[in-house]
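Below: the structure, in structure tokens.
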Number of protein chains: 4
Amino acid sequence: MKRILIVTGGGDCPGLNAVIRAVVKRASQEKDWEVLGSIQAFNGVLWEPTEIKVLTPEVVKGIHFQGGTIIETTNKGGPFAWPVKNPDGTWGAVDRSDEMIRKIQYMGIDAVINIGGDGSQRISQMLFEKGLPVIGVPKTIDNDLSSTDSTFGFQTAVEIATEAVDKLVTTAASHNRVFVVEVMGRYAGWIALNAAVAGGAEVCLIPEFPYDINLVKEKLEARFTRGRGFAVVVASEGARNKNGEMVYEKNDEVGYENLKLGGIGRQLIRELKEAGFQPDMRETVLGHLQRGGVPIAYDRVLSAQFGVKAFEMAMKGDFGKMVSYRHPYFVSVPLKDAILKPNFVTLDNALVKTATGLGISLGIDLNNP
Amino acid sequence: MKRILIVTGGGDCPGLNAVIRAVVKRASQEKDWEVLGSIQAFNGVLWEPTEIKVLTPEVVKGIHFQGGTIIETTNKGGPFAWPVKNPDGTWGAVDRSDEMIRKIQYMGIDAVINIGGDGSQRISQMLFEKGLPVIGVPKTIDNDLSSTDSTFGFQTAVEIATEAVDKLVTTAASHNRVFVVEVMGRYAGWIALNAAVAGGAEVCLIPEFPYDINLVKEKLEARFTRGRGFAVVVASEGARNKNGEMVYEKNDEVGYENLKLGGIGRQLIRELKEAGFQPDMRETVLGHLQRGGVPIAYDRVLSAQFGVKAFEMAMKGDFGKMVSYRHPYFVSVPLKDAILKPNFVTLDNALVKTATGLGISLGIDLNNP
Amino acid sequence: MKRILIVTGGGDCPGLNAVIRAVVKRASQEKDWEVLGSIQAFNGVLWEPTEIKVLTPEVVKGIHFQGGTIIETTNKGGPFAWPVKNPDGTWGAVDRSDEMIRKIQYMGIDAVINIGGDGSQRISQMLFEKGLPVIGVPKTIDNDLSSTDSTFGFQTAVEIATEAVDKLVTTAASHNRVFVVEVMGRYAGWIALNAAVAGGAEVCLIPEFPYDINLVKEKLEARFTRGRGFAVVVASEGARNKNGEMVYEKNDEVGYENLKLGGIGRQLIRELKEAGFQPDMRETVLGHLQRGGVPIAYDRVLSAQFGVKAFEMAMKGDFGKMVSYRHPYFVSVPLKDAILKPNFVTLDNALVKTATGLGISLGIDLNNP
Amino acid sequence: MKRILIVTGGGDCPGLNAVIRAVVKRASQEKDWEVLGSIQAFNGVLWEPTEIKVLTPEVVKGIHFQGGTIIETTNKGGPFAWPVKNPDGTWGAVDRSDEMIRKIQYMGIDAVINIGGDGSQRISQMLFEKGLPVIGVPKTIDNDLSSTDSTFGFQTAVEIATEAVDKLVTTAASHNRVFVVEVMGRYAGWIALNAAVAGGAEVCLIPEFPYDINLVKEKLEARFTRGRGFAVVVASEGARNKNGEMVYEKNDEVGYENLKLGGIGRQLIRELKEAGFQPDMRETVLGHLQRGGVPIAYDRVLSAQFGVKAFEMAMKGDFGKMVSYRHPYFVSVPLKDAILKPNFVTLDNALVKTATGLGISLGIDLNNP
């Protein structure tokens, strides 16, 4: 009997379950393979008692249709920074990676499939260097990895953001308002840019291009005649203005202490008012709505491809690598290369040209960016 | 040639366009009827020059499928409180109702169909008392009218809120979190209650039942075992605690001056933290997403019924009345009665019993409410 | 310990699982109640060995979101007509009702909740007369029961049919075609009528009003000018022409032997061609797409109301009754009355007036029906 | 003033309007460009009087959200085969291409953008060879072009087919049935293969791999135990069995004369029955539902990219070329190369491996295909 251990880490993303199901279904085509899942990334292995779920075809039945991950995920803990309480009551962190690798070996695991983002794959690489047979599956809803042509979850997020723009257009037009929609994207503006093009927004603000509030105002004013008109602005949560000001209230950490902060929507509305823009403005924060729910078919197919490829890498012993889509192939790339270069929006990107070609303002002077 | 003037006032609501289309399509079955629309409620009549749109079957083609209102809407102005600048620079309001009625008569209007909420129908009644041949069509996304069994837009809002709960459930479960979803409903909790039952929430907080934070906490804690578990709370924007504290940040007026306020989601998260509740919590504000977009079939049918009935009342000269649905009939009720009594959630309502029967906590002690 | 046995019979319907979940969740609020489900209506009881599923809150978790029924359904077998092979090889049927009642008593069942249509409730009544403590929950996707204001599944079917009309409108217009959409409804035209009004169809044919092909042709021809134009026809599967001809190929029984038959769509296209109608025509059969999938919020709420009410009737011992919705109450009505009168579309129904008021042709002469 | 003429030909496809809008919006960013549309492909030019629509930004407002094409489409007529009635009453065809080119020149057209499939691009090439400044935009819902990485409409069709599979799974499971879903794809099985993987089907039959009914039966039987079980089969309309039998009733031409034919669903059900397969089986034909309706965001973005690129080719005078997507670039390829090679599913395709890796049967023996 050969054993695979799957873990999912970082923010959840539509398609995670479809990857898990694909690994399990693929494994069930072979003799003598068993798939296990560690609860909450590697924490399930580290906890006492361990929390490990046996993933049979019965267990994964129908989960490709579900958002989230049935083996849960987390941003906390992990083998290299396990939280411990210091004698003085403060919290510190210890490295439990050696212990964890021993535990995994003791469990008779032949391959570990780590589905996660940037941070998770760094951990994959570190564990691989210590001898763990790890295979990475990239997970980034923001599409900010240059080592793969596309990642699951992104198109579902774009679809959800676009449907939100569709809804806001009619209410904006009925009330002669400007709507600012905050979408995901702390460092990369792909969701915003795609949703702006797909939904027909007038302005799109992304982290890569710090905006000039006067250009935004100009564009919006051109949409109004004697108080009538409307517009939709799509803004990445990480968008910032030319002075580098970014309120960047992480929706993830909205809480008690952050109550006086506002997101990019509020920042923009405040700046526009200060600049003398008159029409009514409203903000909408999509937040976690972009993560949840049924993945679209595109992402389910991509997830299935990733999952099957990951299993086949496990069979071949192709460790220390990450699954990658290089159209039209699914290949494996070394983990250490995979995490090097992020994928940001650049001025010469085709979609930037298309967006501006449609008359969408990016809040920048294209002739003098 | 007989003429109908349609106006739409107040917040937009899925189905408004379907009502307009139904009036126009119905009128086109009769000889010699023409339908006009005043832009932005009655303001289109009052402006100089007037803004009146001729509504032919061609113009309304396909609009039942669209959110919003093609003749726009507003909460500002109106015949009884037209804004004027005082000599000292402040703003006041004047009564232009007589002038407006004359203008409408001069336009050769035989009937006015006023599609709007509470406030709009009060204006309908006042104009009717002054001699204008008005017919009201009720519009309230909150379902808070007792003079009709149901109103268009409400079920679409419930559907959108329920789909949001569906999405948040999977991300909540994956991250072992509590999500608080703020839905519409300043005074009436119908959207929250329906979405909580339909989506399978654990807690539902509504304006009618001020909540006890300790009961909310108790319910949520029962969902967690050793830090694992999840829950979804659906809360009306107007929900308040037992001390009557309600942050009630109207999403409509988010702006500059209100930046330090938070909505019910933040209030609840703060109160739960103060009460010692440990798990991660996040909030989501649906806001205008509930107003926009394609109405569901139920609302399109109801809108068509309202529109056709309104036209038939116009043909018969049945003025000073409002269209009402009394299952299975569409009837007309005097405007002055229609606006008397709101429709609030009460403890003996069947849906309250169903919600609590499913184990949903309303944050109150049912034995001692 | 008190025990409830749930059975689901007849064609599946969005909301069945939500009823089951509501019964189970409601029961779990009380001490000492247990819920069981018999697989494939009463067959699970009759089989050797029996197939009974224990329905705990864990088992029903999240099923309100799923179409179908987790305890399966069937149109075959049942206590009064159990199939047996005769000595000569033909099939006959025997009455096993007494035996089944004994088995149910032996299982310690205190109440049986039978969720099903017309046929199922007749069986409920017969079993009740023989002493079984039965409670009926009405299930008809066609909305053809007069003993309740509404039933779950119907609005989901209307929504799916309407979305299909929405999709076909754009392709019809692009190709200058007529589309005929066959929707469910063998004897009652409610789904067709609602979808036609909601989707903006031009013609709606239902079983209650046998159509005159010349009137249909006239209406459609008026939509075309020099070969350009388009139209959508919504037709119930049970629609028939004035001569009573109805191909009525039950989609349920498409098979080998029926290959030469066609549904109402094909019949209509053939009749229109024979009558000399020129434009391109296409048919679409929605079939089982209307049964499957996620119920809309309206139906989930209605299902929850039905399920909770059914449990409360069980607690009170209110047997031989069916749950019924009489706006705004959920009541119980004697089973023997409940199955008496079907709910058909009549000429004086408000929705018929609305449909014709919108210019939708029903294929009949309203002045001389 | 420079003028572009847009034409759309062949079957409609979600995203056509988004391409048109992108060309118009892009043109409006330049001085002195005007966009016209010929109604029903080139027929609008050939008719007397011509039917040409001026496409301003106002006219294309919001159409990216709509299915179909606002300038209509057709499979009939065209410059090289214009139908004429022979003296004997039969129909023939004449070449009107020279006349048409003159008419287009006379209209002052500087560039023609022809959005269409295989056949349309052949016409583009022929017209280009005769001197018309043509630019092609590929349109194939079936994804069967090798000269571009992807085409708009395909992912929307996959999404619709997948949602249908999702719906049928629950009804199949509730009734212990096999459902056969016929999806588009006469020669290429991409839609079927993607929907089968995304929806979790058990069997997928495509034109490229003639199926062995015994292998299909074997796979399905393995899904049933003592009569209980279920399965979903996704089949391309053009799927055929090993003997080359393909009923291939084109849904497009359902009519009078074809009534005795059945599609692939019926063929398969008949073959399975003849082979002795026992469980209940049903078929569903998605047909035109796959063409209509709102394009998903992915297709709207792709359409926008194609439209903007096409306009830029027009500006540069890059004629006789077709827009093509070569990830991550949008390039132009000579029309004569573009139409050479179709894109069929092959055994070594990654998606085929993924499908079989998930346990989906393709009805063939992979070891001996």
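Quick note on naming: the chains in the structure tokens go A, B, ... in the order shown, residues restart at 1 in each chain, and ligands are numbered from 1 in order of appearance.
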Which residues are close to Gln29 in chain A, i.e. within 9 Å by only C-alpha atoms, leaving aside same-chain residues fewer than 4 positions away? Reply as number ranges by chain.
A: 24-25, 33; D: 357-359
Contact residues (chain C, partner chain D, 6 Å, only C-alpha atoms) as a VMD selection string
chain C and resid 67 to 69 72 to 73 167 to 168 170 to 171 174 to 175 256 260 270 292 to 293
Print the selection's residues with C-alpha atoms to a file, as a PDB file, in the first residue's frame.
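Okay, out-v4.pdb is ready:
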ATOM      1  CA  GLY C  67     -31.940  18.823  -5.514  1.00  0.00           C
ATOM      2  CA  GLY C  68     -33.461  15.347  -5.405  1.00  0.00           C
ATOM      3  CA  THR C  69     -34.045  13.254  -2.303  1.00  0.00           C
ATOM      4  CA  GLU C  72     -34.592   8.139  -3.196  1.00  0.00           C
ATOM      5  CA  THR C  73     -37.973   7.972  -4.826  1.00  0.00           C
ATOM      6  CA  LYS C 167     -31.559  32.338 -23.336  1.00  0.00           C
ATOM      7  CA  LEU C 168     -33.645  31.449 -26.352  1.00  0.00           C
ATOM      8  CA  THR C 170     -31.388  36.211 -27.924  1.00  0.00           C
ATOM      9  CA  THR C 171     -30.685  33.316 -30.256  1.00  0.00           C
ATOM     10  CA  SER C 174     -30.249  36.739 -33.935  1.00  0.00           C
ATOM     11  CA  HIS C 175     -31.482  34.059 -36.321  1.00  0.00           C
ATOM     12  CA  TYR C 256     -37.155   2.417 -27.695  1.00  0.00           C
ATOM     13  CA  LYS C 260     -41.406   7.829 -33.774  1.00  0.00           C
ATOM     14  CA  ARG C 270     -45.441  20.411 -38.049  1.00  0.00           C
ATOM     15  CA  GLY C 292     -32.884  18.939 -10.780  1.00  0.00           C
ATOM     16  CA  GLY C 293     -30.557  21.300  -9.109  1.00  0.00           C
TER      17      GLY C 293
END
What's around Val94 in chain D at 7 Å? Count only C-alpha atoms, leave out sequence neighbours fewer than 4 positions away in its own chain, and write the answer as a PyMOL selection string.
chain D and resi 80-84
List as an NGL selection string the protein and nucleic acid residues near Arg102 in chain C, meaning an atom at most 12 Å away when only C-alpha atoms are counted, but skip any in the same chain fewer than 4 places from it.
:C and (45-46 or 79 or 96-98 or 106-109 or 127 or 130-132)
Hey, what's within 6 Å of range 327-341 of chain C if we count only C-alpha atoms and toss same-chain stuff fewer than 3 positions away? As an mmCIF file with N, CA and C atoms, in the first residue's frame, please?
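Here's the written file result23.cif:
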data_model
loop_
_atom_site.group_PDB
_atom_site.id
_atom_site.type_symbol
_atom_site.label_atom_id
_atom_site.label_comp_id
_atom_site.auth_asym_id
_atom_site.auth_seq_id
_atom_site.Cartn_x
_atom_site.Cartn_y
_atom_site.Cartn_z
ATOM 1 N N GLN C 125 -53.939 8.096 2.444
ATOM 2 C CA GLN C 125 -55.310 8.006 2.955
ATOM 3 C C GLN C 125 -55.715 6.546 3.171
ATOM 4 N N SER C 146 -55.440 22.120 -5.341
ATOM 5 C CA SER C 146 -56.225 23.251 -4.863
ATOM 6 C C SER C 146 -56.250 23.302 -3.336
ATOM 7 N N SER C 147 -55.736 22.263 -2.696
ATOM 8 C CA SER C 147 -55.825 22.226 -1.233
ATOM 9 C C SER C 147 -54.666 22.930 -0.530
ATOM 10 N N GLY C 320 -53.774 11.488 9.456
ATOM 11 C CA GLY C 320 -54.778 11.459 8.397
ATOM 12 C C GLY C 320 -54.966 12.834 7.773
ATOM 13 N N LYS C 321 -53.976 13.689 7.978
ATOM 14 C CA LYS C 321 -54.043 15.065 7.496
ATOM 15 C C LYS C 321 -52.853 15.363 6.581
ATOM 16 N N MET C 322 -53.018 16.411 5.819
ATOM 17 C CA MET C 322 -51.931 16.867 4.954
ATOM 18 C C MET C 322 -51.569 18.299 5.339
ATOM 19 N N VAL C 323 -50.291 18.622 5.296
ATOM 20 C CA VAL C 323 -49.849 20.001 5.519
ATOM 21 C C VAL C 323 -50.359 20.855 4.367
ATOM 22 N N SER C 324 -50.796 22.052 4.670
ATOM 23 C CA SER C 324 -51.286 22.937 3.619
ATOM 24 C C SER C 324 -50.912 24.367 3.956
#
Those of range 154-330 of chain C in DSSP strand (DSSP E), formatted as an NGL selection string:
:C and (178-183 or 203-205 or 224-225 or 228-229 or 231-236 or 281-285 or 321-326 or 329-330)
Between CA of Tyr298 in chain C and CA of Gly199 in chain B, measure the distance and give it in Å to one decimal.
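Separation between CA of Tyr298 in chain C and CA of Gly199 in chain B: 10.8 Å.
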